[in-house]
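Asks: Sharing entry26.pdb, PDB, C-alpha atoms, pLDDT in the B column:
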```
ATOM      1  CA  GLY A  13       0.000   0.000   0.000  1.00 68.00           C
ATOM      2  CA  PRO A  14       0.913   3.681  -0.001  1.00 81.00           C
ATOM      3  CA  LEU A  15       1.904   3.790   3.726  1.00 87.00           C
ATOM      4  CA  ASP A  16       4.441   1.963   5.844  1.00 92.00           C
ATOM      5  CA  ALA A  17       2.771  -0.761   7.911  1.00 93.00           C
ATOM      6  CA  THR A  18       3.877  -0.251  11.517  1.00 96.00           C
ATOM      7  CA  ASN A  19       3.641  -2.963  14.157  1.00 97.00           C
ATOM      8  CA  ALA A  20       2.599  -5.355  11.399  1.00 96.00           C
ATOM      9  CA  GLU A  21       1.801  -8.883  12.473  1.00 96.00           C
ATOM     10  CA  VAL A  22       0.438 -12.117  11.114  1.00 96.00           C
ATOM     11  CA  GLU A  23      -1.948 -14.205  13.204  1.00 97.00           C
ATOM     12  CA  ASP A  24      -2.549 -17.842  12.374  1.00 96.00           C
ATOM     13  CA  ILE A  25      -4.953 -19.965  14.389  1.00 96.00           C
ATOM     14  CA  PHE A  26      -3.968 -23.540  13.622  1.00 95.00           C
ATOM     15  CA  PRO A  27      -6.919 -25.936  13.253  1.00 95.00           C
ATOM     16  CA  ASN A  28      -7.208 -29.148  15.251  1.00 93.00           C
ATOM     17  CA  GLY A  29      -4.976 -31.769  13.645  1.00 93.00           C
ATOM     18  CA  LEU A  30      -2.226 -29.286  12.731  1.00 94.00           C
ATOM     19  CA  THR A  31       0.587 -28.369  15.162  1.00 94.00           C
ATOM     20  CA  PHE A  32       2.921 -25.377  14.697  1.00 95.00           C
ATOM     21  CA  THR A  33       6.596 -26.401  14.701  1.00 95.00           C
ATOM     22  CA  GLY A  34       8.454 -23.248  13.662  1.00 94.00           C
ATOM     23  CA  ILE A  35       9.199 -20.468  11.221  1.00 93.00           C
ATOM     24  CA  ALA A  36      11.406 -20.984   8.167  1.00 92.00           C
ATOM     25  CA  ASN A  37      13.105 -18.774   5.584  1.00 89.00           C
ATOM     26  CA  PRO A  38      12.254 -15.384   7.146  1.00 90.00           C
ATOM     27  CA  SER A  39      13.157 -12.314   5.073  1.00 92.00           C
ATOM     28  CA  GLY A  40      13.766 -10.315   8.275  1.00 88.00           C
ATOM     29  CA  SER A  41      14.181 -10.540  12.015  1.00 90.00           C
ATOM     30  CA  PHE A  42      10.666 -11.420  13.150  1.00 94.00           C
ATOM     31  CA  THR A  43       9.316 -12.300  16.582  1.00 94.00           C
ATOM     32  CA  GLN A  44       7.055 -15.244  17.234  1.00 94.00           C
ATOM     33  CA  SER A  45       4.564 -15.925  19.983  1.00 95.00           C
ATOM     34  CA  VAL A  46       2.595 -19.119  20.503  1.00 95.00           C
ATOM     35  CA  ASN A  47      -0.484 -19.255  22.723  1.00 96.00           C
ATOM     36  CA  GLY A  48      -2.191 -22.635  22.385  1.00 92.00           C
ATOM     37  CA  SER A  49      -3.115 -23.008  18.715  1.00 94.00           C
ATOM     38  CA  THR A  50      -2.628 -19.282  17.955  1.00 96.00           C
ATOM     39  CA  VAL A  51       0.683 -18.253  16.398  1.00 97.00           C
ATOM     40  CA  THR A  52       1.536 -14.549  16.053  1.00 97.00           C
ATOM     41  CA  ILE A  53       4.491 -13.389  13.986  1.00 96.00           C
ATOM     42  CA  GLY A  54       5.606  -9.802  14.625  1.00 96.00           C
ATOM     43  CA  LEU A  55       6.970  -8.226  11.462  1.00 96.00           C
ATOM     44  CA  GLY A  56       7.809  -4.769  12.826  1.00 95.00           C
ATOM     45  CA  THR A  57       7.540  -2.051  10.172  1.00 95.00           C
ATOM     46  CA  VAL A  58       7.032  -3.139   6.569  1.00 93.00           C
ATOM     47  CA  PRO A  59       7.844  -0.278   4.155  1.00 93.00           C
ATOM     48  CA  ALA A  60       5.230   1.029   1.717  1.00 89.00           C
ATOM     49  CA  SER A  61       5.024  -1.304  -1.303  1.00 86.00           C
ATOM     50  CA  GLY A  62       7.391  -3.661   0.540  1.00 90.00           C
ATOM     51  CA  SER A  63       6.953  -7.246   1.616  1.00 91.00           C
ATOM     52  CA  ALA A  64       7.861  -9.654   4.385  1.00 93.00           C
ATOM     53  CA  THR A  65       8.124 -13.355   3.677  1.00 94.00           C
ATOM     54  CA  PHE A  66       8.423 -16.497   5.782  1.00 95.00           C
ATOM     55  CA  GLN A  67       6.982 -19.986   6.025  1.00 95.00           C
ATOM     56  CA  LEU A  68       5.236 -21.450   9.040  1.00 95.00           C
ATOM     57  CA  THR A  69       6.028 -25.130   9.495  1.00 95.00           C
ATOM     58  CA  SER A  70       3.753 -27.675  11.102  1.00 95.00           C
ATOM     59  CA  ASP A  71       3.078 -31.327  11.749  1.00 95.00           C
ATOM     60  CA  ILE A  72      -0.124 -33.081  10.750  1.00 95.00           C
ATOM     61  CA  GLY A  73      -1.575 -35.402  13.394  1.00 93.00           C
ATOM     62  CA  VAL A  74      -1.143 -39.105  12.694  1.00 94.00           C
ATOM     63  CA  ASN A  75      -4.908 -39.651  13.021  1.00 93.00           C
ATOM     64  CA  GLN A  76      -5.817 -36.755  10.703  1.00 92.00           C
ATOM     65  CA  THR A  77      -7.880 -38.194   7.835  1.00 93.00           C
ATOM     66  CA  THR A  78      -9.877 -35.189   6.616  1.00 94.00           C
ATOM     67  CA  ASP A  79      -8.851 -32.054   4.747  1.00 94.00           C
ATOM     68  CA  LEU A  80      -7.660 -29.106   6.825  1.00 93.00           C
ATOM     69  CA  THR A  81      -8.053 -25.404   6.101  1.00 93.00           C
ATOM     70  CA  ASN A  82      -5.583 -23.059   7.743  1.00 93.00           C
ATOM     71  CA  THR A  83      -6.013 -19.288   7.446  1.00 93.00           C
ATOM     72  CA  ALA A  84      -3.503 -16.583   8.360  1.00 94.00           C
ATOM     73  CA  THR A  85      -4.459 -12.900   8.696  1.00 94.00           C
ATOM     74  CA  VAL A  86      -2.194  -9.842   8.538  1.00 93.00           C
ATOM     75  CA  GLY A  87      -2.759  -6.494  10.201  1.00 93.00           C
ATOM     76  CA  ALA A  88      -0.988  -3.279  11.236  1.00 94.00           C
ATOM     77  CA  VAL A  89      -1.663   0.011  13.025  1.00 94.00           C
ATOM     78  CA  GLU A  90      -2.661   1.887   9.869  1.00 90.00           C
ATOM     79  CA  VAL A  91      -6.173   1.663   8.430  1.00 84.00           C
ATOM     80  CA  ASP A  92      -6.128  -0.560   5.373  1.00 78.00           C
ATOM     81  CA  THR A  93      -8.270   0.795   2.557  1.00 77.00           C
ATOM     82  CA  ASP A  94      -8.380  -2.663   0.928  1.00 78.00           C
ATOM     83  CA  PRO A  95      -8.672  -5.368   3.606  1.00 78.00           C
ATOM     84  CA  SER A  96      -9.805  -7.966   1.049  1.00 80.00           C
ATOM     85  CA  ASP A  97      -6.252  -9.235   0.654  1.00 76.00           C
ATOM     86  CA  ASN A  98      -5.409  -9.539   4.360  1.00 78.00           C
ATOM     87  CA  SER A  99      -6.224 -13.243   4.754  1.00 78.00           C
ATOM     88  CA  GLU A 100      -5.085 -16.288   2.871  1.00 76.00           C
ATOM     89  CA  ASP A 101      -5.972 -19.970   3.186  1.00 76.00           C
TER      90      ASP A 101
END
```
Do you think you could lay out the structure here as structure tokens?
Replies:
Amino acid sequence: GPLDATNAEVEDIFPNGLTFTGIANPSGSFTQSVNGSTVTIGLGTVPASGSATFQLTSDIGVNQTTDLTNTATVGAVEVDTDPSDNSED
């Protein structure tokens, strides 16, 4: 977007059957917090028109036999004029 995103973070609530194991290939120095099945990655400030990339790694439960949908959502202090692209399955 046209503004820097300050205090940007990604929140991912892992569904039953999926267990967070770590963060891989970060493009910056990010913080991570885990509270039960909720994982929050602090990105700090992402410059206007910039990006931050990483992969969340997980284990699938041995008894998991159905499809899982996992959604992560990004947010920051600034008001986003187009929030339609803030979540991804």
Asks: So, with all atoms listed in the file as the atoms that count, which of A:Ala20, A:Leu68, A:Thr52, A:Thr57 lies closest to Thr33 in chain A?
Replies: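 Residue with the minimum atom-to-atom distance to Thr33 in chain A: A:Leu68.
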Asks: Can you tell me, as a list in words, what residues are no more than 12 Å from Ala17 in chain A when counting all atoms listed in the file, ignoring any on the same chain fewer than 6 positions away?
Replies: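 Residues meeting the cut-off are Gly54, Leu55, Gly56, Thr57, Val58, Pro59, Ala60, Ser61, Gly62, Ser63, Ala64, Val86, Gly87, Ala88, Val89, Glu90, Val91 and Asp92 of chain A.
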Asks: Produce a file of the selected residues containing C-alpha atoms, as a CSV table (one decimal), in the frame of the given file.
Replies:
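Resulting contents of part-v4.csv:
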```
chain,number,residue,atom,x,y,z
A,54,GLY,CA,5.6,-9.8,14.6
A,55,LEU,CA,7.0,-8.2,11.5
A,56,GLY,CA,7.8,-4.8,12.8
A,57,THR,CA,7.5,-2.1,10.2
A,58,VAL,CA,7.0,-3.1,6.6
A,59,PRO,CA,7.8,-0.3,4.2
A,60,ALA,CA,5.2,1.0,1.7
A,61,SER,CA,5.0,-1.3,-1.3
A,62,GLY,CA,7.4,-3.7,0.5
A,63,SER,CA,7.0,-7.2,1.6
A,64,ALA,CA,7.9,-9.7,4.4
A,86,VAL,CA,-2.2,-9.8,8.5
A,87,GLY,CA,-2.8,-6.5,10.2
A,88,ALA,CA,-1.0,-3.3,11.2
A,89,VAL,CA,-1.7,0.0,13.0
A,90,GLU,CA,-2.7,1.9,9.9
A,91,VAL,CA,-6.2,1.7,8.4
A,92,ASP,CA,-6.1,-0.6,5.4
```
Asks: Evaluate the PyMOL selection byres ((chain A and resi 36) around 10) and record the selected residues as an NGL selection string, following the chain and residue labels used in the document.
Replies: :A and (33-35 or 37-39 or 65-69)
Asks: Export, as a compact mmCIF listing (two decimals), in the coordinates of the input, the selected residues with C-alpha atoms.
Replies:
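File produced: again35.txt:
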```txt
# COMPACT_ATOMS: atom_id res chain seq x y z
CA THR A 33 6.60 -26.40 14.70
CA GLY A 34 8.45 -23.25 13.66
CA ILE A 35 9.20 -20.47 11.22
CA ASN A 37 13.10 -18.77 5.58
CA PRO A 38 12.25 -15.38 7.15
CA SER A 39 13.16 -12.31 5.07
CA THR A 65 8.12 -13.36 3.68
CA PHE A 66 8.42 -16.50 5.78
CA GLN A 67 6.98 -19.99 6.02
CA LEU A 68 5.24 -21.45 9.04
CA THR A 69 6.03 -25.13 9.49
```
Asks: Set the distance at 12 Å and use only C-alpha atoms: which residues neighbour Phe26 in chain A once local chain neighbours fewer than 5 positions away are removed? I'd like the list as a VMD selection string.
Replies: chain A and resid 31 to 33 46 to 52 68 to 72 80 to 85 101
Asks: Show which residues sit within 12 Å of Thr78 in chain A, as an mmCIF file with C-alpha atoms, keeping the file's coordinate frame. Count only C-alpha atoms, and ignore same-chain residues fewer than 2 positions away.
Replies:
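Saved the output as part.cif:
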```
data_model
loop_
_atom_site.group_PDB
_atom_site.id
_atom_site.type_symbol
_atom_site.label_atom_id
_atom_site.label_comp_id
_atom_site.auth_asym_id
_atom_site.auth_seq_id
_atom_site.Cartn_x
_atom_site.Cartn_y
_atom_site.Cartn_z
ATOM 1 C CA PRO A 27 -6.919 -25.936 13.253
ATOM 2 C CA ASN A 28 -7.208 -29.148 15.251
ATOM 3 C CA GLY A 29 -4.976 -31.769 13.645
ATOM 4 C CA LEU A 30 -2.226 -29.286 12.731
ATOM 5 C CA ILE A 72 -0.124 -33.081 10.750
ATOM 6 C CA GLY A 73 -1.575 -35.402 13.394
ATOM 7 C CA VAL A 74 -1.143 -39.105 12.694
ATOM 8 C CA ASN A 75 -4.908 -39.651 13.021
ATOM 9 C CA GLN A 76 -5.817 -36.755 10.703
ATOM 10 C CA LEU A 80 -7.660 -29.106 6.825
ATOM 11 C CA THR A 81 -8.053 -25.404 6.101
#
```
Asks: If I wrap all listed atoms of range 51-59 of chain A in a box with edges along x, y and z and add 6 Å on each side, what are its centre and edge lengths in Å to one decimal, as JSON?
Replies:
```
{"center_x": 4.3, "center_y": -9.3, "center_z": 10.3, "size_x": 19.2, "size_y": 30.0, "size_z": 24.2}
```
Asks: Any idea what the distance is between CA of Phe42 in chain A and CA of Asn98 in chain A?
Replies: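 Interatomic distance here is 18.4 Å.
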